[in-house]
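Trainee: The structure that follows is given in the form of structure tokens.
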Amino acid sequence: MGGFLLRKAGAALIVIFLASVLVFLGVRALPGDPALALGAESRDPEVLAAVREKYGLDQPVPVQYAKWAWNALQGDLGVDSRQLPVSETIVSRIPVTLELAVLSLLIGMVIGIPAGVIAAVRRGKASDYASTSVALVGLSLPNFWFGLMLIIVFAVNLNWLPAGGYVPFSEDPVENLKHMLLPAIVLGTGLSAVLMRQMRSSMLDSLSADYVRTARAKGLSERRVVGVHALRNSLITVTTVIGLQLGALISGAVITETIFGIAGFGRLTVDAVNQRDYALLQGVVLVAAVGYVVVNFAVDIAYSLLNPRIRVSGRPA
Amino acid sequence: MTGSLARGACLVLAAAALLSIGISAAGAGGTATPNVRNGGTLVVGLAEDPDALDPTLARTFVGRMVFAHMCEKLYDLNARMQIVPQLAAAMPQISRDKLTYTIRIRSGIKFNDGTSLTAQAVKESLDRHRTLRGSVRASEISPISAVNVTGPLTVQLKLSQPFSPLTSQLADRAGMILSPKQVAALGDRFATSPVCVGPFKFTDRVAGDRITLTKSTDYYGRAKVHLNQIVFRIITDPGARAQSLRAGDIQVLDRIAATDVAAIERDRNLKILKVTTIGYQGITLNIGNKNGLLKQYENTGMPLARSQYLRTAFDLALDRTAINRVVFNGTNLPDCYPLSPASPWYAKTTKGLECNLRGNQNIARQLVQASGMATPIKVTLTIGTDPVAARLGQVIQSMVRPVGFDVELAPTEFVTALNRADAGRYEAFQVGWSGRVDPDGNIYGFVHSKGTLNNAGFVSPQLDLALDNARKATTDKARETLYSAAMRIVHRQRPLIYLWHPVQRDGVSNRVEGVQMYADGLVRAYFAGFRR
Amino acid sequence: MTVAEVEATPPVSPRARRRRLLLRRFLRRPMAVAGLVVAVGFVLMAVFAPVVAPYDPNATDFDAILEKPSWEHLLGTDELGRDVFSRIVFGARASIQAGVFSTLLAIAIAVPIGLAAGYYRGWIDPVISRVTDVLLAFPFLILAVGLAAILGPSLLNATIALGLAAVPGLVRVARGEALALREEDYVRAAVANGAGDARILGRHIVPNMTGTLIVQATVTIPAAIIGEAALSFLGLGVQPPTPSWGVMLADAQSYLSDAPRLALYPGLAIFFCSLSFNLLGDGLRDVLDPKTQR
């Protein structure tokens, strides 16, 4: 187990290092001089030179990277164009997106998992076709459009829910949930489609597996066979998928938070791109990549704990 | 995503801009607000997130809106856009050679950390503005060569050369005085917790989400302050901003989008503050900017660069009234000049010039034919990347097509577009300027051969002479004559095609009294309050 | 091989028989067939847009803006007085182009890389796998947005960005496939018989991957169609005045309360277009992918 952990951790670290280099270079490949963005209306060469010096933009890129990476290791991601520490800004935004992600995940699981189980158990019947088709519908819905439609119906026409904005949970839990409901539905439905398909196929796998046949042969009730044996094993597989879906959730958050005007992590990314705020953009993308790697690392570990056969061969594709 | 180029440009441009316009009216009395109760939290919806809340480094328009409530300046503007003393006790005494300004400061004034405002504090702030690394103020007050404390409440500014806009600069962020105690404690991280003299003091900021200010207990005019707190919430989507106002989540809305104006007008619980700004939006044409800004201008040889008649044709093909109606629901003010009717200089300097707001396609067509150039004449127009900019670009495109121009749109993210404009890698660029009260600020930089914003690469010795002399002229009468002459040259040669002056509308809930907006477009809510 | 020879051995050829079997299996799935029909419909609409659309999609009429649907304008007019139906029809071009070509690009890049990793293994496999892991750490859309921002906004660049963003996922699939096929008996037999790498890859591995690749393509196409719309929605894709569903949606956002229909139609178009490819892909997966044959 120790060796396996170490190998996985090593791989994760390499991925994080390469990702940080990629982030740094990618941000610098964006067109548009950041000094011009930082200097705003002033295009006086002297002001621009001062701005470049202040943000270290006049130094060679490898030097810039080394400084940034060294500081980043110590938790300092520099200051953004507001002169506020990037790490603090990111930390303040993560709970917002995390709440959105958790709510969407809940919605996705509540819809996706039972639908997948039903589809698998009633394979080939009408309810299977129905849930499979609904899942495809979910996959085909562009979430930014779905969001706009929900705004039109529930905010503009019915006036039941706010069209956008965010109220911290600590300030007013009811308002907070009201603001989060539509965005979470938007993200959650897409997720439920993915989970439903995954659940269906791994349930089908489990149901045809030997131990389920044995259980059936032993005369256990079908309910027990499905509910305990097959379901437990399928859920393990689905856990992995949820980890992998984190990336999709972050992508989704970028668009959803933009449409609903939620000051979360996704919105921060869009703002950073638009303002050519190097420090902020680097920080945001790095944290997203690290988050993704860490979650997947955790999923790998959890998976191998739940299913020891994997340890030797690695996760099946 | 959201926002128009028109607005986008304004925002970014307004950033460092509007130098000659002041902000708060604390010293100048303010309005009486009798039906107002004390207490309450006012929520103001801002169109975007301000940058650094450090007067030395700040650049954005919205930032100035926040500063107006917490950082007073040596001088200020009143509702008629006249400069009046704020932290200074009187207008500066200027020596005969115009190289020494003596400024007396009001006594008994305290910063929001309880320390006293002294001449030494003024010197330290001005020196910080002049010398801090990355200061955006440095170039605004660059003629100041030294700041001397000549008494406990008196400072003397030494200038290296006469600089008549100095007082107006001191009525903007360059005139904001920071608490020396806080500067000593935070250094260049002052923006994390700024302390100045002001009716409200900084309490908290969540980047990209909100800025919270609380009523100051140290402020000299605290009797006039009714609100307990002002929260600036950042809501970048214009639709969501309007929704929040109508739902009562916010009480003041910064900049209503053209498409939301009608709905807010219909709402009986809301009122609209409206002001024609002193800025403009238009199209800059690349005439001589072949090698980059301020680098040896020579004609680019592109069609619109070659002939002023073609430029006139392009201009006359545009129906500014229709542009305003289709793109902005008729909410802006179409016009043909760099100065806005909001400026007292407008009428006098544009007299005798012809501005055809509906355009004239016949004359335009004739001018194109007379040029002898083969049609369609290809023109690449750089525009913003948002839907409003796209709408505008497409309207322009379809208006000039029948005249013989084939416009190709090049939507470009704003900073990149500025880069290209500076490098001379563009043909026509839809861009604007936030505007200055002094006419010089809307003209000189853009069309003078030494102007730092002359992306057109326009060179006219006559125009240079008129603008230089206008800077030196001492009487308004002389400046009027010179600016009229300049305007005539600009209008005839058209290095820029001016299209409209933005009309800014802010929404205010009827529950609130005393919110004001001047021609600089800044919302002033420091003496506002909720109705009884 | 001549035509006559093929005709001489008509239904007996195992390949033809297999094909016929697959076709029959496919035709038994009404949803998949519907998907195919609609997808083909969209492709035809894109190709024959000038014939299908009643108006020039860019012709403005400032005296007839935001008009409601009528016989003259089936779906009404937009904020510049253009015919919405014609713009939807022409918009299919951008979507199909971005969807199909970005997928082809992704396959063209990903398959050789995946083969190299999965077939040759050695030092190249861990390198490619690690790089793929790094790229997969960036979500598809974020990667596409970043690439499009670097390349500059245009349909071509959006197509390239979407294609490149889809590469890491496809590399993983191709590598896995190659890895698995390498161990198949007939490949081992070929190796034992002394066949060269080129022959093994060309005759045994690549042909046996096509099923999986086709399924992957039909999954990638709708993702790219939605991706194109998203990029255009964010201003990083198709540029005005060229009609694109994503651009139309972005434009419509300012008119949600006055003319919500402007947001409805392009969204429905994106939805049905990607749904048709998803249905098709789902059907093909069932038919072609032996792993899901239960």
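Going through the structure tokens in order, the chains are called A, B, and so on, while each chain numbers its residues from 1 and the ligands are numbered from 1 in the order shown.
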I need the contact residues of chain A against chain C, so if you could list those with any atom within 7 Å, counting only C-alpha atoms, and return them as a list in words, that would help.
Mentor: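 Putting it all together, I get Val15, Leu18, Ala19, Ala29, Leu30, Pro31, Leu136, Val137, Ser140, Leu141, Pro142, Trp145, Ile152, Val156, Gly247, Ala248, Ser251, Ala289, Tyr292, Val293 and Ala317 of chain A.
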Trainee: Output C-alpha atoms for every residue in that selection, as a PDB file, in the first residue's frame.
Mentor:
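Final output, saved to selection-v9.pdb:
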```pdb
ATOM      1  CA  VAL A  15       1.445  16.594 -12.968  1.00  0.00           C
ATOM      2  CA  LEU A  18       3.961  20.525 -15.348  1.00  0.00           C
ATOM      3  CA  ALA A  19       0.559  22.121 -14.937  1.00  0.00           C
ATOM      4  CA  ALA A  29       0.803  33.622 -24.458  1.00  0.00           C
ATOM      5  CA  LEU A  30      -2.410  35.606 -24.187  1.00  0.00           C
ATOM      6  CA  PRO A  31      -2.419  38.567 -26.521  1.00  0.00           C
ATOM      7  CA  LEU A 136     -29.124  12.122 -23.478  1.00  0.00           C
ATOM      8  CA  VAL A 137     -31.326  15.184 -23.333  1.00  0.00           C
ATOM      9  CA  SER A 140     -27.265  17.742 -25.096  1.00  0.00           C
ATOM     10  CA  LEU A 141     -28.549  20.773 -23.192  1.00  0.00           C
ATOM     11  CA  PRO A 142     -26.046  23.608 -23.454  1.00  0.00           C
ATOM     12  CA  TRP A 145     -28.783  28.265 -22.649  1.00  0.00           C
ATOM     13  CA  ILE A 152     -36.624  33.839 -18.273  1.00  0.00           C
ATOM     14  CA  VAL A 156     -38.332  37.326 -15.348  1.00  0.00           C
ATOM     15  CA  GLY A 247     -13.388  19.183 -14.003  1.00  0.00           C
ATOM     16  CA  ALA A 248     -16.721  19.354 -15.749  1.00  0.00           C
ATOM     17  CA  SER A 251     -16.056  24.264 -16.515  1.00  0.00           C
ATOM     18  CA  ALA A 289      -5.525  22.234 -11.638  1.00  0.00           C
ATOM     19  CA  TYR A 292      -8.421  18.532  -9.724  1.00  0.00           C
ATOM     20  CA  VAL A 293      -5.257  16.496  -9.271  1.00  0.00           C
ATOM     21  CA  ALA A 317      -9.738   2.788 -18.269  1.00  0.00           C
TER      22      ALA A 317
END
```
Trainee: Counting only C-alpha atoms, a student should be able to say which residues of chain B come within 10 Å of chain C; what is the right answer, written as a ChimeraX atom specification?
Mentor: /B:1-3,237-239,257-260,263,322-323,325-327,384-395,397-399,408-413,416
Trainee: With N, CA and C atoms kept, could you save the residues just selected as a CSV table (one decimal), in the first residue's frame?
Mentor:
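To be explicit, this is the file written out as result_14.csv:
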```csv
chain,number,residue,atom,x,y,z
B,1,MET,N,-19.6,38.8,-23.4
B,1,MET,CA,-20.6,38.5,-22.4
B,1,MET,C,-21.4,39.8,-22.2
B,2,THR,N,-21.3,40.4,-21.1
B,2,THR,CA,-22.1,41.5,-20.8
B,2,THR,C,-21.4,42.8,-21.1
B,3,GLY,N,-22.2,43.9,-21.3
B,3,GLY,CA,-21.5,45.2,-21.4
B,3,GLY,C,-21.2,45.5,-22.8
B,237,ASP,N,-23.4,41.8,-14.6
B,237,ASP,CA,-24.4,41.6,-15.6
B,237,ASP,C,-25.5,42.7,-15.6
B,238,PRO,N,-25.6,43.5,-16.6
B,238,PRO,CA,-26.6,44.6,-16.6
B,238,PRO,C,-28.0,44.1,-16.3
B,239,GLY,N,-28.4,43.0,-16.9
B,239,GLY,CA,-29.8,42.5,-16.6
B,239,GLY,C,-30.0,42.1,-15.1
B,257,ALA,N,-28.4,49.5,-18.3
B,257,ALA,CA,-28.1,49.2,-19.7
B,257,ALA,C,-29.3,49.8,-20.5
B,258,ALA,N,-29.0,50.1,-21.8
B,258,ALA,CA,-29.9,50.7,-22.7
B,258,ALA,C,-31.2,49.9,-22.7
B,259,THR,N,-31.0,48.5,-22.8
B,259,THR,CA,-32.2,47.7,-22.9
B,259,THR,C,-33.0,47.6,-21.7
B,260,ASP,N,-32.5,48.1,-20.5
B,260,ASP,CA,-33.3,48.0,-19.3
B,260,ASP,C,-33.9,49.3,-18.9
B,263,ALA,N,-37.9,49.4,-18.7
B,263,ALA,CA,-38.5,48.7,-17.6
B,263,ALA,C,-38.4,49.4,-16.3
B,322,ALA,N,-30.2,56.8,-36.2
B,322,ALA,CA,-30.6,55.4,-36.3
B,322,ALA,C,-29.6,54.5,-35.4
B,323,ILE,N,-28.4,54.8,-35.4
B,323,ILE,CA,-27.4,54.0,-34.6
B,323,ILE,C,-27.9,54.1,-33.2
B,325,ARG,N,-30.9,54.7,-32.0
B,325,ARG,CA,-32.1,54.0,-31.8
B,325,ARG,C,-32.0,52.5,-31.8
B,326,VAL,N,-31.2,52.0,-32.8
B,326,VAL,CA,-31.1,50.5,-33.0
B,326,VAL,C,-30.2,49.9,-31.9
B,327,VAL,N,-29.1,50.6,-31.7
B,327,VAL,CA,-28.1,50.0,-30.8
B,327,VAL,C,-28.4,50.3,-29.3
B,384,GLY,N,-15.2,46.0,-30.1
B,384,GLY,CA,-15.1,45.2,-28.9
B,384,GLY,C,-15.7,43.8,-29.1
B,385,THR,N,-15.6,43.0,-28.0
B,385,THR,CA,-16.1,41.6,-28.2
B,385,THR,C,-17.4,41.3,-27.6
B,386,ASP,N,-18.1,42.3,-27.1
B,386,ASP,CA,-19.4,42.1,-26.5
B,386,ASP,C,-20.6,42.3,-27.4
B,387,PRO,N,-21.7,41.8,-27.1
B,387,PRO,CA,-22.9,41.9,-28.0
B,387,PRO,C,-23.2,43.4,-28.4
B,388,VAL,N,-23.1,44.3,-27.5
B,388,VAL,CA,-23.4,45.7,-28.0
B,388,VAL,C,-22.5,46.2,-29.0
B,389,ALA,N,-21.2,45.9,-28.8
B,389,ALA,CA,-20.2,46.3,-29.8
B,389,ALA,C,-20.5,45.6,-31.1
B,390,ALA,N,-20.9,44.4,-31.0
B,390,ALA,CA,-21.2,43.6,-32.3
B,390,ALA,C,-22.3,44.3,-33.0
B,391,ARG,N,-23.4,44.6,-32.2
B,391,ARG,CA,-24.5,45.3,-32.8
B,391,ARG,C,-24.1,46.6,-33.5
B,392,LEU,N,-23.3,47.4,-32.8
B,392,LEU,CA,-22.9,48.6,-33.3
B,392,LEU,C,-22.1,48.4,-34.6
B,393,GLY,N,-21.2,47.5,-34.6
B,393,GLY,CA,-20.3,47.2,-35.8
B,393,GLY,C,-21.2,46.8,-36.9
B,394,GLN,N,-22.2,46.0,-36.7
B,394,GLN,CA,-23.0,45.5,-37.8
B,394,GLN,C,-23.9,46.6,-38.4
B,395,VAL,N,-24.3,47.5,-37.5
B,395,VAL,CA,-25.1,48.6,-38.0
B,395,VAL,C,-24.3,49.5,-38.9
B,397,GLN,N,-21.6,48.7,-40.5
B,397,GLN,CA,-21.3,47.9,-41.7
B,397,GLN,C,-22.4,48.0,-42.7
B,398,SER,N,-23.7,47.9,-42.2
B,398,SER,CA,-24.7,47.9,-43.2
B,398,SER,C,-25.1,49.3,-43.7
B,399,MET,N,-24.7,50.3,-42.9
B,399,MET,CA,-25.0,51.7,-43.3
B,399,MET,C,-24.0,52.2,-44.4
B,408,GLU,N,-15.1,45.2,-42.8
B,408,GLU,CA,-14.9,43.9,-42.2
B,408,GLU,C,-14.7,44.2,-40.7
B,409,LEU,N,-15.5,43.5,-39.9
B,409,LEU,CA,-15.4,43.7,-38.4
B,409,LEU,C,-14.3,42.9,-37.8
B,410,ALA,N,-13.5,43.5,-37.0
B,410,ALA,CA,-12.5,42.7,-36.3
B,410,ALA,C,-12.7,42.9,-34.8
B,411,PRO,N,-13.6,42.0,-34.2
B,411,PRO,CA,-13.8,42.1,-32.8
B,411,PRO,C,-12.6,41.7,-32.0
B,412,THR,N,-12.1,42.6,-31.1
B,412,THR,CA,-10.9,42.4,-30.4
B,412,THR,C,-11.0,42.8,-29.0
B,413,GLU,N,-10.5,41.9,-28.1
B,413,GLU,CA,-10.6,42.2,-26.7
B,413,GLU,C,-9.9,43.5,-26.5
B,416,THR,N,-6.0,44.2,-26.0
B,416,THR,CA,-5.3,43.8,-27.3
B,416,THR,C,-5.5,44.9,-28.3
```
Trainee: Pick out the closest residue to chain A from this set: B:Leu46, B:Ala191, B:Leu253, B:Met302. Count only C-alpha atoms.
Mentor: B:Ala191
Trainee: Could you work out which residues of chain B fall inside 9 Å of chain A? Count only C-alpha atoms, and format the result as a count of residues only.
Mentor: 54
Trainee: Report the distance between atom CA of Gly211 of chain C and atom CA of Ala180 of chain C in Å, rounded to one decimal place.
Mentor: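 Here the two named atoms are 14.1 Å from each other.
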Trainee: Need the shell around Leu333 of chain B: protein/DNA/RNA residues with any atom at most 8 Å away, counting only C-alpha atoms. Skip same-chain ones fewer than 6 positions apart. Format as a ChimeraX atom specification?
Mentor: /B:276,324,500-503
Trainee: With a distance cut-off of 9 Å and only C-alpha atoms, select the neighbouring residues of Val225 of chain B, excluding the residue or stretch itself and same-chain residues fewer than 6 positions from it, and output the selection as number ranges by chain.
Mentor: B: 38, 199-200, 215-216, 526-529
Trainee: Any chance you can output those residues with C-alpha atoms as a PDB file, in the first residue's frame?
Mentor:
```
ATOM      1  CA  ASN B  38     -30.775  58.127  10.554  1.00  0.00           C
ATOM      2  CA  PRO B 199     -17.857  60.571   5.650  1.00  0.00           C
ATOM      3  CA  PHE B 200     -17.458  56.793   5.653  1.00  0.00           C
ATOM      4  CA  LYS B 215     -20.189  55.779   8.970  1.00  0.00           C
ATOM      5  CA  SER B 216     -17.170  57.600  10.296  1.00  0.00           C
ATOM      6  CA  TYR B 526     -22.710  60.041   1.325  1.00  0.00           C
ATOM      7  CA  PHE B 527     -25.444  62.361   2.601  1.00  0.00           C
ATOM      8  CA  ALA B 528     -28.311  60.166   1.457  1.00  0.00           C
ATOM      9  CA  GLY B 529     -30.691  58.385   3.785  1.00  0.00           C
TER      10      GLY B 529
END
```
